[in-house]
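Visitor: Sending over a structure as structure tokens; questions will come in a sec.
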Amino acid sequence: MQAVILCGGLATRLRPITENIPKCLLPMAGRPFLHHQFRLLKSQGFDRVVLCIGHLGEMVKDCFGPGDEYGLKLAYSQETEKLLGTAGALKNAEDYLEEEFFVINGDTYLDMDYRQAWQTYSQNNCDALMTVYDNRHGRINARNDVALDENMLVSCYEKDSHLPELKFVNAGALILRKSLFATLEKDKPYSLERAILPVLAHNQRMLAYPVKECFYDVGTVEGIYTFCNYLENQPV
């Protein structure tokens, strides 16, 4: 399995903290956030990771190098002149991508069985898989953005909507095909949330993979405190 981590954004919700350090390097329980993601991915059987970097990306390279400390082979896809958005960053990383791969948010920690998700995806004729969390009871302070049909396909993905059928939340990990980005132009900004995921949902080409585990979003100060509390309660 190959993982691609999107960690090139400006992290505006955490300014001014992130003016001089990228969000993925913010210390949590004494180590950069990516340290915890790498340890999780290695434990789940990953050995190849592509980092899509942008804002202060050289700091990420300097911190982790080739990935030897984690037993991972790290590659870096750097955005230079302008930020390209989540889908644009993946198009920019095209030369590093395998035909199918996990995409993981650089500010989300999701402890789940990635091997099982990969197997579920491989056994179904879909172009993508989205991990989803049932948020009907509002356990996560996030706007619901996913609806499912009776076949466990994502039937609707709306990032900025209050539709009553949206009862799930995108949990921050996807499996995508490289071919989904074939028609995008390089060096142009595109968003997964606008250009790719709603189309897959509309065409019923994205499998849902429900997770019971709570995921952690470290894109806010509150989220960082919550994640650090989680880490402190984990066995060494």
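Please note that chains go A, B, ... in the order of the structure tokens, that every chain numbers its residues from 1, and that ligands are numbered from 1 in the order shown.
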Would you please give, as a list in words, all residues of region 9-65 of chain A that DSSP assigns to strand (DSSP E) based on the backbone?
Guide: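 After running DSSP on the backbone, region 9-65 of chain A has strand (DSSP E) at Pro27, Met28, Arg31, Pro32, Arg48, Val49, Val50, Leu51, Cys52 and Ile53 of chain A.
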Visitor: Do a neighbour search on region 75-81 of chain A at 6 Å with only C-alpha atoms, toss out local chain neighbours closer than 3 positions, and write the hits as a PDB file with N, CA, C and O atoms, in the first residue's frame.
Guide:
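The result, written out as selection-v4.pdb:
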```
ATOM      1  N   VAL A  50       4.239   9.337   0.047  1.00  0.00           N
ATOM      2  CA  VAL A  50       4.515  10.567  -0.695  1.00  0.00           C
ATOM      3  C   VAL A  50       3.960  11.722   0.115  1.00  0.00           C
ATOM      4  O   VAL A  50       2.798  11.696   0.536  1.00  0.00           O
ATOM      5  N   LEU A  51       4.780  12.742   0.346  1.00  0.00           N
ATOM      6  CA  LEU A  51       4.340  13.926   1.058  1.00  0.00           C
ATOM      7  C   LEU A  51       4.157  15.067   0.073  1.00  0.00           C
ATOM      8  O   LEU A  51       5.109  15.468  -0.607  1.00  0.00           O
ATOM      9  N   CYS A  52       2.942  15.565  -0.036  1.00  0.00           N
ATOM     10  CA  CYS A  52       2.657  16.733  -0.874  1.00  0.00           C
ATOM     11  C   CYS A  52       2.863  17.970   0.000  1.00  0.00           C
ATOM     12  O   CYS A  52       2.044  18.257   0.878  1.00  0.00           O
ATOM     13  N   ILE A  53       3.966  18.659  -0.235  1.00  0.00           N
ATOM     14  CA  ILE A  53       4.346  19.776   0.621  1.00  0.00           C
ATOM     15  C   ILE A  53       4.267  21.086  -0.146  1.00  0.00           C
ATOM     16  O   ILE A  53       4.372  21.115  -1.367  1.00  0.00           O
ATOM     17  N   GLY A  54       4.087  22.167   0.596  1.00  0.00           N
ATOM     18  CA  GLY A  54       4.008  23.496  -0.012  1.00  0.00           C
ATOM     19  C   GLY A  54       4.570  24.529   0.940  1.00  0.00           C
ATOM     20  O   GLY A  54       5.758  24.798   0.958  1.00  0.00           O
ATOM     21  N   ALA A  93       1.841  15.586  -8.023  1.00  0.00           N
ATOM     22  CA  ALA A  93       2.620  14.435  -7.552  1.00  0.00           C
ATOM     23  C   ALA A  93       2.476  13.222  -8.464  1.00  0.00           C
ATOM     24  O   ALA A  93       2.912  12.120  -8.110  1.00  0.00           O
TER      25      ALA A  93
END
```
Visitor: Give me, as a compact mmCIF listing (two decimals) with C-alpha atoms, in the first residue's frame, all polymer residues having an atom no more than 8 Å from Val132 (chain A), counting only C-alpha atoms and skipping those fewer than 5 positions away in the same chain.
Guide:
```
# COMPACT_ATOMS: atom_id res chain seq x y z
CA VAL A 146 -21.72 12.49 3.42
CA PHE A 168 -21.84 10.96 8.03
CA VAL A 169 -18.52 12.81 8.04
CA ASN A 170 -15.53 12.20 5.79
CA ALA A 171 -13.04 10.67 8.24
CA ALA A 208 -18.07 3.99 1.81
CA TYR A 209 -15.99 2.42 4.56
CA PRO A 210 -17.58 3.20 7.96
CA VAL A 211 -15.18 3.51 10.88
```
Visitor: Could you check which of A:Leu25, A:Ala3, A:Leu110, A:Cys63 is closest to Tyr96 (chain A), using only C-alpha atoms?
Guide: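 The answer is A:Ala3, which sits nearest to Tyr96 (chain A).
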Visitor: Just how far from CA of Glu99 (chain A) is CA of Asp149 (chain A), in Å to one decimal?
Guide: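 Between CA of Asp149 (chain A) and CA of Glu99 (chain A) the gap is 26.9 Å.
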Visitor: Report as an NGL selection string all protein, DNA and RNA residues lying within 8 Å of Asn105 (chain A), evaluated on only C-alpha atoms, omitting residues in the same chain fewer than 6 positions from it.
Guide: :A and (5-7 or 172-173)
Visitor: Nearest to Leu26 (chain A): which of A:Asp107, A:Leu153, A:Lys42, A:Phe101 is it, counting only C-alpha atoms?
Guide: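 So, comparing all the options, the nearest one is A:Asp107.
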Visitor: Apply DSSP to the structure's backbone, then extract all residues of region 84-120 of chain A labelled alpha helix (DSSP H) and return them as a PyMOL selection string.
Guide: chain A and resi 85-92+114-120
Visitor: Name the residues in contact with region 178-191 of chain A at a cut-off of 8 Å, using only C-alpha atoms, excluding same-chain residues fewer than 3 positions from it; report them as a ChimeraX atom specification.
Guide: /A:83-92,94,97-101,127,194-196
Visitor: A:Leu129, A:Glu58, A:Pro32, A:Gly8: which is nearest Lys82 (chain A), counting only C-alpha atoms?
Guide: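 Among A:Leu129, A:Glu58, A:Pro32, A:Gly8, it is A:Gly8 that comes nearest to Lys82 (chain A).
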Visitor: To one decimal in Å, tell me the separation between CA of Asp113 (chain A) and CA of Gln44 (chain A).
Guide: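 About the pair CA of Asp113 (chain A) and CA of Gln44 (chain A): they are 7.0 Å apart.
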Visitor: As a PyMOL selection string, please: the residues near region 141-143 of chain A (cut-off 10 Å, only C-alpha atoms, same-chain neighbours under 4 positions excluded).
Guide: chain A and resi 135+158-162+166-170+217+223
Visitor: Export all heavy atoms of the chosen residues as a CSV table (one decimal), in the first residue's frame?
Guide:
```
chain,number,residue,atom,x,y,z
A,135,ASN,N,-22.1,10.4,12.3
A,135,ASN,CA,-22.1,11.5,13.2
A,135,ASN,C,-23.6,12.0,13.4
A,135,ASN,O,-23.8,13.1,13.7
A,135,ASN,CB,-21.3,12.7,12.6
A,135,ASN,CG,-20.9,13.7,13.7
A,135,ASN,OD1,-20.6,13.3,14.8
A,135,ASN,ND2,-20.9,15.0,13.3
A,158,GLU,N,-21.4,16.8,0.0
A,158,GLU,CA,-21.6,18.2,0.0
A,158,GLU,C,-20.8,18.8,1.1
A,158,GLU,O,-21.2,18.7,2.3
A,158,GLU,CB,-23.1,18.5,0.0
A,158,GLU,CG,-23.9,18.1,-1.2
A,158,GLU,CD,-23.6,19.0,-2.4
A,158,GLU,OE1,-23.0,20.1,-2.2
A,158,GLU,OE2,-24.1,18.7,-3.5
A,159,LYS,N,-19.8,19.6,0.9
A,159,LYS,CA,-18.9,20.1,1.9
A,159,LYS,C,-19.6,21.2,2.7
A,159,LYS,O,-19.5,21.3,3.9
A,159,LYS,CB,-17.6,20.6,1.3
A,159,LYS,CG,-16.6,21.0,2.3
A,159,LYS,CD,-16.1,19.7,3.1
A,159,LYS,CE,-15.0,20.1,4.0
A,159,LYS,NZ,-14.7,18.9,4.9
A,160,ASP,N,-20.4,22.0,2.0
A,160,ASP,CA,-21.0,23.2,2.7
A,160,ASP,C,-22.5,23.2,2.5
A,160,ASP,O,-23.1,24.0,1.8
A,160,ASP,CB,-20.5,24.5,2.1
A,160,ASP,CG,-19.0,24.6,2.2
A,160,ASP,OD1,-18.5,24.5,3.4
A,160,ASP,OD2,-18.3,24.8,1.2
A,161,SER,N,-23.1,22.2,3.2
A,161,SER,CA,-24.6,22.0,3.0
A,161,SER,C,-25.2,21.5,4.3
A,161,SER,O,-24.5,21.0,5.2
A,161,SER,CB,-24.9,21.0,1.9
A,161,SER,OG,-26.2,20.7,1.8
A,162,HIS,N,-26.5,21.8,4.5
A,162,HIS,CA,-27.2,21.3,5.7
A,162,HIS,C,-28.3,20.3,5.2
A,162,HIS,O,-29.3,20.2,5.9
A,162,HIS,CB,-27.8,22.5,6.4
A,162,HIS,CG,-26.8,23.4,7.0
A,162,HIS,ND1,-26.2,23.1,8.2
A,162,HIS,CD2,-26.3,24.6,6.5
A,162,HIS,CE1,-25.4,24.1,8.5
A,162,HIS,NE2,-25.4,25.0,7.5
A,166,LEU,N,-27.4,14.1,4.9
A,166,LEU,CA,-26.0,14.0,5.3
A,166,LEU,C,-25.8,13.7,6.7
A,166,LEU,O,-25.9,14.5,7.6
A,166,LEU,CB,-25.4,15.4,4.9
A,166,LEU,CG,-25.5,15.9,3.5
A,166,LEU,CD1,-24.9,17.3,3.4
A,166,LEU,CD2,-24.7,14.9,2.5
A,167,LYS,N,-25.6,12.4,7.0
A,167,LYS,CA,-25.5,11.9,8.4
A,167,LYS,C,-24.1,11.4,8.7
A,167,LYS,O,-23.9,11.0,9.9
A,167,LYS,CB,-26.5,10.8,8.5
A,167,LYS,CG,-28.0,11.2,8.3
A,167,LYS,CD,-28.9,10.1,8.3
A,167,LYS,CE,-30.4,10.5,8.0
A,167,LYS,NZ,-31.3,9.4,8.0
A,168,PHE,N,-23.2,11.4,7.8
A,168,PHE,CA,-21.8,11.0,8.0
A,168,PHE,C,-20.8,12.1,7.7
A,168,PHE,O,-21.2,13.1,7.1
A,168,PHE,CB,-21.5,9.8,7.1
A,168,PHE,CG,-22.3,8.5,7.5
A,168,PHE,CD1,-23.6,8.4,7.1
A,168,PHE,CD2,-21.7,7.5,8.2
A,168,PHE,CE1,-24.4,7.2,7.4
A,168,PHE,CE2,-22.4,6.3,8.5
A,168,PHE,CZ,-23.7,6.2,8.1
A,169,VAL,N,-19.6,11.9,8.2
A,169,VAL,CA,-18.5,12.8,8.0
A,169,VAL,C,-17.4,12.1,7.4
A,169,VAL,O,-17.0,10.9,7.7
A,169,VAL,CB,-18.0,13.4,9.4
A,169,VAL,CG1,-16.8,14.3,9.2
A,169,VAL,CG2,-19.1,14.1,10.1
A,170,ASN,N,-16.8,12.7,6.4
A,170,ASN,CA,-15.5,12.2,5.8
A,170,ASN,C,-14.5,12.1,6.9
A,170,ASN,O,-14.1,13.1,7.5
A,170,ASN,CB,-15.1,13.2,4.7
A,170,ASN,CG,-13.8,12.8,4.0
A,170,ASN,OD1,-13.2,11.8,4.4
A,170,ASN,ND2,-13.3,13.6,3.1
A,217,ASP,N,-8.7,15.7,14.4
A,217,ASP,CA,-8.4,16.8,13.5
A,217,ASP,C,-7.6,17.8,14.3
A,217,ASP,O,-8.1,18.5,15.2
A,217,ASP,CB,-9.7,17.5,13.0
A,217,ASP,CG,-9.5,18.6,12.0
A,217,ASP,OD1,-8.3,19.0,11.8
A,217,ASP,OD2,-10.5,19.2,11.5
A,223,GLY,N,-8.5,21.0,18.7
A,223,GLY,CA,-8.2,19.7,18.2
A,223,GLY,C,-6.9,19.2,18.6
A,223,GLY,O,-6.7,18.0,18.8
```
